[in-house]
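Trainee: Dropping a structure here in structure tokens format, bear with me for questions.
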Amino acid sequence: MPKIDFVDTTLRDGHQCLWATRMTTEMMLPIAEKLDSAGFRAIELMGVVHFDACLRYLHEDPWERIRLMKSHIKSTPLQAFIRSGCVLGFDLCPDDLNELWVETLIENGIDRLVGFDGLHDFDNVAPYLNHAKKHGATTIAWLIYSVSPVHTDELYIEKAKEIIKRANVDEIVIQDTSGVLTPERAGTLIPALKAVIGDIRLGLHGHSLVGLSQRTYLEAVKCGVDNVYTCISPIADGNAPPSIQTSLKNFRHMGYETDMSDTDIAEISSHFEDIATLAGHSFGEAQDFDAAQFHHQIPGGVLSNLASQLKALGIPEKIDEVLNECGRVREDLGWPIQVTPFAQFMVVQATLNLIKGERYSVVPDEVKKYALGYFGKHLAPVEPNALDRIVERGSQSIALSRPKLAPVVPSLKKRFPQASKEELLLRYAFPEEMVNNLGKKIDADGGLSTVTLPLAHLVNELINTRRKPFVFVQNGNFQLKAEQNRSEVAGSVK
């Protein structure tokens, strides 16, 4: 039987889906060497949203995260993203800024760059994948899976051939952001792609939103997929990608070989269980089948944020109505794939439609820009009546055709003459006070600013308590005794 490789996405997609992207660098570093030795083909570290979370919520320098992780993960390649030429926001950016983004990721330690576009308009991706390859990175193209009248096997075959021709990518990955790829559809799509991509490796990145991913993975490897994307429990399943522990068990039962170390994975899992417990983060759990997911197809991270936003608005019970409207908006807009940033656009528009009681009475700027083609060529036309309402009721300051974007890097350098490439990119995308506050540890979410293991946490609490109780802790040959005026330690603990 063939050998199946694994790409880990715990540090990127897992906590993005389950912890609202709130994993800190401090939570990652203690287990970095184990991740490096576990046997992964690559470790996916950073998406665009992680830069935002680092600055907005964690008050961390995202570039420093990459450098620190690279100093600990020396054998396994690190992976990051090129998202539709958007760099660090939702709007398309000038070519020179996108090129600076690619160069700076590589210079800071990223070895592999994934390019994707929610419309599969490769004008938005191919130039930057070529730029990444020119600077020595391995390049990967996502074919984002979706269920719609336009997302046929034939479309994916043509798009695979196009991105190979235009960017000479090293790998292709079927990305199932909505968790709706069934084993049956995998059985037709994967052989069709394998027939046209030649020796290029094919991966599958699924999500567990409706409980299909493990069954689909088995069918996928049977059909010739070379590597699969997983997370390490407890930061797996639920809205996140599937658990590697379950995948390994299934693959081995079916006779497939892997290079994975069960010992390392168990240590990593134990570490993140401790982190989740201390920080109050949720554990991923297996999901039951939900047929409605095939209608709205909202991905896990956006789904979690929608639930919290509706709760903040005082209408948490409206989530099913909003999701149903998301499906209708998606059809109106010509079946864009529910992936960042389009999933966010459709959730906002659907929520406004529901709250206002009239569809498209209020139109966000991003939705109007999408409808006018600012983000790329549509695979299917926008529904004419919806287009008329969007154009009429959206901001009249938005031109009917996308303006040509002028270079921006020279003006940034002139404005911030002492800034590094890293700082220039952050200053372009984020408010000045956010960039200025980097390095100031502010515990905005009430989480842990320093993560400790349970035993150390217990000792710290005992030290700080006013009344000194008697405590006895034993783990194997390690013993800790503490009472009011004395303490003693025997043995050792790893």
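Ordering of the structure tokens sets the chain letters (A, B, ...), residue numbers begin anew at 1 in every chain, and ligands are numbered from 1 in the order given.
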Write out as a VMD selection string each polymer residue whose atoms come within 12 Å of Ile265 of chain A, counting only C-alpha atoms; drop sequence neighbours fewer than 3 positions from it.
Mentor: chain A and resid 8 10 31 to 40 230 to 234 243 to 246 248 259 to 262 268 to 272
Trainee: For a quick check of understanding, using only C-alpha atoms, which of A:Arg67, A:Ile140, A:Asp121, A:His207 has the smallest distance to Gln79 of chain A?
Mentor: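 Closest to Gln79 of chain A, using only C-alpha atoms: A:Ile140.
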Trainee: Select, from A:Asp5, A:Glu433, A:Glu184, A:Asp332, the residue with the minimum atom-to-atom distance to Tyr229 of chain A, counting only C-alpha atoms.
Mentor: A:Asp5
Trainee: Identify, on the basis of only C-alpha atoms, every residue whose closest approach to Ser411 of chain A does not exceed 12 Å; exclude the query and any residue fewer than 2 positions from it along the same chain; express the result as a PyMOL selection string.
Mentor: chain A and resi 96-97+406-409+413-417+424+427-428
Trainee: Find, counting only C-alpha atoms, the residue in A:Gly85, A:Pro364, A:Pro299, A:Pro242 that gets nearest to Leu100 of chain A.
Mentor: A:Gly85
Trainee: Please run DSSP on the backbone and report, as an NGL selection string, all residues within segment 149-257 of chain A that come out as alpha helix (DSSP H).
Mentor: :A and (153-167 or 183-197 or 213-222 or 244-253)
Trainee: Could you save the residues just selected, with C-alpha atoms, as a tab-separated table (two decimals), in the first residue's frame?
Mentor:
chain	number	residue	atom	x	y	z
A	153	ASP	CA	-15.68	18.25	-12.10
A	154	GLU	CA	-15.12	19.78	-15.53
A	155	LEU	CA	-14.57	23.25	-13.98
A	156	TYR	CA	-11.97	21.88	-11.55
A	157	ILE	CA	-10.17	20.02	-14.34
A	158	GLU	CA	-9.90	23.22	-16.39
A	159	LYS	CA	-8.78	25.27	-13.40
A	160	ALA	CA	-6.12	22.69	-12.47
A	161	LYS	CA	-4.72	22.78	-16.00
A	162	GLU	CA	-4.80	26.59	-16.00
A	163	ILE	CA	-2.88	27.09	-12.74
A	164	ILE	CA	-0.27	24.51	-13.73
A	165	LYS	CA	0.26	26.27	-17.04
A	166	ARG	CA	0.32	29.77	-15.59
A	167	ALA	CA	2.27	29.20	-12.34
A	183	PRO	CA	-16.98	10.28	-0.47
A	184	GLU	CA	-19.07	9.80	-3.62
A	185	ARG	CA	-18.01	13.13	-5.13
A	186	ALA	CA	-14.40	12.52	-4.11
A	187	GLY	CA	-14.63	9.29	-6.07
A	188	THR	CA	-15.23	11.22	-9.32
A	189	LEU	CA	-13.33	14.46	-8.71
A	190	ILE	CA	-9.99	13.04	-7.54
A	191	PRO	CA	-9.47	10.55	-10.41
A	192	ALA	CA	-10.42	13.29	-12.89
A	193	LEU	CA	-7.81	15.63	-11.42
A	194	LYS	CA	-5.14	12.93	-11.19
A	195	ALA	CA	-5.60	12.27	-14.89
A	196	VAL	CA	-4.61	15.82	-15.85
A	197	ILE	CA	-2.03	16.96	-13.26
A	213	SER	CA	-14.25	14.27	6.53
A	214	GLN	CA	-12.87	10.96	7.83
A	215	ARG	CA	-14.93	8.88	5.40
A	216	THR	CA	-14.05	11.23	2.56
A	217	TYR	CA	-10.34	10.99	3.45
A	218	LEU	CA	-10.45	7.21	3.17
A	219	GLU	CA	-12.03	7.42	-0.27
A	220	ALA	CA	-9.58	10.16	-1.27
A	221	VAL	CA	-6.45	8.15	-0.48
A	222	LYS	CA	-7.99	5.17	-2.21
A	244	ILE	CA	-4.90	13.10	12.90
A	245	GLN	CA	-5.32	10.55	15.67
A	246	THR	CA	-8.49	9.21	14.04
A	247	SER	CA	-7.05	9.46	10.52
A	248	LEU	CA	-3.96	7.47	11.49
A	249	LYS	CA	-6.08	4.77	13.08
A	250	ASN	CA	-8.26	4.52	9.97
A	251	PHE	CA	-5.41	4.59	7.44
A	252	ARG	CA	-3.42	1.96	9.27
A	253	HIS	CA	-6.47	-0.27	9.51
Trainee: Between A:Leu333, A:Val339, A:Ala292, A:Leu352, single out the one closest to Leu372 of chain A, counting only C-alpha atoms.
Mentor: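 The closest residue to Leu372 of chain A is A:Leu333.
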